[in-house]
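Okay, structure first, notes after.
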Amino acid sequence: MSVDDNGWSQSAAAWTTSQGSDGDFNRQFVLDPAIDRLLEGRTFSRALDVGCGEGRFCRRLKAHHGIAEVIGIDPTLPLLETARLRDPEGDYRQAMAEALPFPDGRFDLVVSYFTLIDIADIETAIAEMARVTAAGGTLLIANLNPFITACGGAAWVRDGKGHKLYVKVDRYLEDHADWQEWRGIRILNYHRPMSRYMTLLLQAGLQLVSFAEPPAIGGPTEAREAYNRVPYAHLIEWTKPGA
């Protein structure tokens, strides 16, 4: 599938608007704080953001974590144009996760922030991320929990009064893709069971360091309570042995 077939080029403007400068709720109040805690006190010299979009997290890696060299890659040109406009000194390149244009072991930190759900050839993409991670380096993955992606975009079931009741999970063990639509955005997301991701990462020779399903911290009360009923996202740290 080409980059223009998954909806991202057509949805780029609406996506950028929805994220603002600080990201959506899941980024601001769930994953960013968890990543800050995970990376606190650690030093990295070269970072790669795989699927950087409009560049928000690349900017954050530099501003909040003091990483001097941060490269963002993304296949969607309109998003890269926004990233370059907002960060003229940044390094943003058009590339696919399945064919990273870097030598082996180039980065001591590789980040996949909500990108695995957008990639059709997940086997090749994970192998490529592992390849460009340096020995002793870190691969940090933030992703939607598979029981959320197994819902086909209709996670919550409501009662007769409109109250949210529970998450509707279906076809969990099957790989499948579903179109997701919200706020003028229409993109194709891929579901895989958690075991599929874990198996591929282990087969790539990586070692699991930590796994978290972080709660929402801060933000509007109603949104925080909804996110904390069911963990929407997980954060996994892997390391590449051999340093």
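Please note that chains go A, B, ... in the order of the structure tokens, that every chain numbers its residues from 1, and that ligands are numbered from 1 in the order shown.
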**Residues near segment 67-75 of chain A, cut-off 7 Å, only C-alpha atoms, skip fewer than 3 positions along chain, as a ChimeraX atom specification** = /A:3,44-53,55,58,61-62,80,91-96
**Request:** Assign secondary structure with DSSP using the backbone only, and return the residues of segment 17-121 of chain A in strand (DSSP E) as a VMD selection string.
**Result:** chain A and resid 46 to 50 69 to 74 91 to 94 107 to 113
Those residues you just picked out, can you put them in a file as a JSON list (two decimals), in the first residue's frame with N, CA and C atoms?
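This is the output file selection-v5.json:
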```
[["chain", "number", "residue", "atom", "x", "y", "z"],
["A", 46, "ARG", "N", 21.91, 10.49, 20.02],
["A", 46, "ARG", "CA", 21.33, 10.47, 18.68],
["A", 46, "ARG", "C", 19.99, 9.75, 18.74],
["A", 47, "ALA", "N", 18.93, 10.45, 18.36],
["A", 47, "ALA", "CA", 17.58, 9.87, 18.44],
["A", 47, "ALA", "C", 16.90, 9.89, 17.08],
["A", 48, "LEU", "N", 16.09, 8.87, 16.84],
["A", 48, "LEU", "CA", 15.28, 8.78, 15.62],
["A", 48, "LEU", "C", 13.82, 8.61, 16.02],
["A", 49, "ASP", "N", 12.97, 9.46, 15.47],
["A", 49, "ASP", "CA", 11.53, 9.36, 15.67],
["A", 49, "ASP", "C", 10.94, 8.77, 14.39],
["A", 50, "VAL", "N", 10.49, 7.52, 14.46],
["A", 50, "VAL", "CA", 9.96, 6.81, 13.30],
["A", 50, "VAL", "C", 8.47, 7.11, 13.18],
["A", 69, "GLU", "N", 21.03, 15.59, 18.69],
["A", 69, "GLU", "CA", 20.75, 15.16, 17.32],
["A", 69, "GLU", "C", 19.47, 14.33, 17.29],
["A", 70, "VAL", "N", 18.43, 14.90, 16.72],
["A", 70, "VAL", "CA", 17.15, 14.22, 16.60],
["A", 70, "VAL", "C", 16.72, 14.25, 15.14],
["A", 71, "ILE", "N", 16.46, 13.10, 14.57],
["A", 71, "ILE", "CA", 16.00, 13.01, 13.19],
["A", 71, "ILE", "C", 14.59, 12.43, 13.20],
["A", 72, "GLY", "N", 13.70, 13.04, 12.44],
["A", 72, "GLY", "CA", 12.36, 12.52, 12.29],
["A", 72, "GLY", "C", 12.13, 12.05, 10.87],
["A", 73, "ILE", "N", 11.56, 10.86, 10.71],
["A", 73, "ILE", "CA", 11.20, 10.39, 9.37],
["A", 73, "ILE", "C", 9.70, 10.14, 9.32],
["A", 74, "ASP", "N", 9.14, 10.37, 8.15],
["A", 74, "ASP", "CA", 7.72, 10.12, 7.94],
["A", 74, "ASP", "C", 7.50, 10.01, 6.44],
["A", 91, "ASP", "N", 15.74, 18.25, 11.61],
["A", 91, "ASP", "CA", 16.11, 17.34, 10.51],
["A", 91, "ASP", "C", 14.94, 16.37, 10.29],
["A", 92, "TYR", "N", 14.17, 16.64, 9.25],
["A", 92, "TYR", "CA", 12.97, 15.85, 8.94],
["A", 92, "TYR", "C", 13.10, 15.30, 7.52],
["A", 93, "ARG", "N", 12.97, 13.99, 7.39],
["A", 93, "ARG", "CA", 13.22, 13.33, 6.11],
["A", 93, "ARG", "C", 12.03, 12.46, 5.72],
["A", 94, "GLN", "N", 11.75, 12.43, 4.42],
["A", 94, "GLN", "CA", 10.69, 11.57, 3.93],
["A", 94, "GLN", "C", 11.24, 10.16, 3.75],
["A", 107, "PHE", "N", 21.56, 4.93, 15.93],
["A", 107, "PHE", "CA", 20.92, 5.72, 16.99],
["A", 107, "PHE", "C", 20.94, 4.99, 18.32],
["A", 108, "ASP", "N", 21.18, 5.74, 19.40],
["A", 108, "ASP", "CA", 21.09, 5.13, 20.72],
["A", 108, "ASP", "C", 19.69, 5.24, 21.31],
["A", 109, "LEU", "N", 18.80, 5.98, 20.64],
["A", 109, "LEU", "CA", 17.39, 6.01, 21.02],
["A", 109, "LEU", "C", 16.54, 6.02, 19.74],
["A", 110, "VAL", "N", 15.69, 5.03, 19.61],
["A", 110, "VAL", "CA", 14.72, 4.98, 18.50],
["A", 110, "VAL", "C", 13.33, 4.97, 19.12],
["A", 111, "VAL", "N", 12.46, 5.85, 18.60],
["A", 111, "VAL", "CA", 11.12, 6.01, 19.16],
["A", 111, "VAL", "C", 10.08, 5.69, 18.09],
["A", 112, "SER", "N", 9.10, 4.89, 18.48],
["A", 112, "SER", "CA", 7.92, 4.65, 17.65],
["A", 112, "SER", "C", 6.72, 5.07, 18.50],
["A", 113, "TYR", "N", 6.20, 6.25, 18.22],
["A", 113, "TYR", "CA", 5.15, 6.87, 19.05],
["A", 113, "TYR", "C", 3.84, 6.82, 18.27]]
```
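Of the residues listed (A:Pro78, A:Pro220, A:Pro88, A:Gly205), A:Gly205 shows the shortest atom-to-atom separation from Ala127 of chain A; distances use only C-alpha atoms.
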**Surrounding residues of Ser21 of chain A excluding itself and chain neighbours under 4 positions, 9 Å, only C-alpha atoms, as a list in words** =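 My reading of the contact set: Thr16, Thr17 and Arg56 of chain A.
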Take the residues just selected and output them with all heavy atoms as a compact mmCIF listing (two decimals), in the first residue's frame.
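Now in result.txt:
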```txt
# COMPACT_ATOMS: atom_id res chain seq x y z
N THR A 16 -3.01 17.94 11.94
CA THR A 16 -2.17 18.99 12.53
C THR A 16 -3.00 19.92 13.40
O THR A 16 -2.59 20.30 14.51
CB THR A 16 -1.47 19.77 11.42
OG1 THR A 16 -0.62 18.88 10.67
CG2 THR A 16 -0.61 20.89 11.98
N THR A 17 -4.19 20.27 12.93
CA THR A 17 -5.07 21.12 13.73
C THR A 17 -5.48 20.43 15.02
O THR A 17 -5.50 21.04 16.10
CB THR A 17 -6.33 21.49 12.92
OG1 THR A 17 -5.93 22.22 11.76
CG2 THR A 17 -7.29 22.33 13.75
N ARG A 56 6.06 17.07 16.45
CA ARG A 56 5.88 17.47 17.84
C ARG A 56 6.85 16.77 18.78
O ARG A 56 7.50 17.40 19.62
CB ARG A 56 4.44 17.19 18.30
CG ARG A 56 4.12 17.65 19.71
CD ARG A 56 2.86 17.01 20.24
NE ARG A 56 3.07 15.60 20.56
CZ ARG A 56 3.48 15.15 21.75
NH1 ARG A 56 3.73 16.01 22.73
NH2 ARG A 56 3.64 13.87 21.97
```
**Item:** Residue nearest Ala120 of chain A among A:Ala177, A:Lys168, A:Phe57, A:His163 (counting only C-alpha atoms)
**Value:** A:Ala177
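Distance check against Asp175 of chain A using only C-alpha atoms: of A:Asp159, A:Glu222, A:Asp121, A:Glu128, the minimum falls on A:Asp121.
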**Item:** Residue neighbourhood Phe29 of chain A, 6 Å, only C-alpha atoms, exclusion window fewer than 6 positions, as a PyMOL selection string
**Value:** chain A and resi 216-218
Would you save the residues of that selection, restricted to all heavy atoms, as a compact mmCIF listing (two decimals), in the first residue's frame?
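Result saved to selection.txt:
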```txt
# COMPACT_ATOMS: atom_id res chain seq x y z
N ALA A 216 -3.85 8.40 32.97
CA ALA A 216 -3.86 9.82 32.65
C ALA A 216 -3.53 10.62 33.90
O ALA A 216 -4.00 10.32 35.00
CB ALA A 216 -5.23 10.23 32.12
N ILE A 217 -2.69 11.62 33.74
CA ILE A 217 -2.30 12.51 34.83
C ILE A 217 -2.63 13.93 34.40
O ILE A 217 -2.06 14.46 33.46
CB ILE A 217 -0.81 12.38 35.15
CG1 ILE A 217 -0.48 10.94 35.58
CG2 ILE A 217 -0.39 13.36 36.22
CD1 ILE A 217 0.99 10.69 35.78
N GLY A 218 -3.57 14.56 35.10
CA GLY A 218 -3.95 15.91 34.74
C GLY A 218 -4.98 15.93 33.62
O GLY A 218 -5.53 14.89 33.23
```
**Polymer residues at most 10 Å from Val157 of chain A, only C-alpha atoms, same-chain spacing of 4 or more positions, as a ChimeraX atom specification** = /A:162-168
**Message:** Restricting the calculation to only C-alpha atoms: of A:Thr76, A:Thr199, A:Thr138, A:Asn145, which residue gets closest to Ile122 of chain A?
**Reply:** A:Thr199
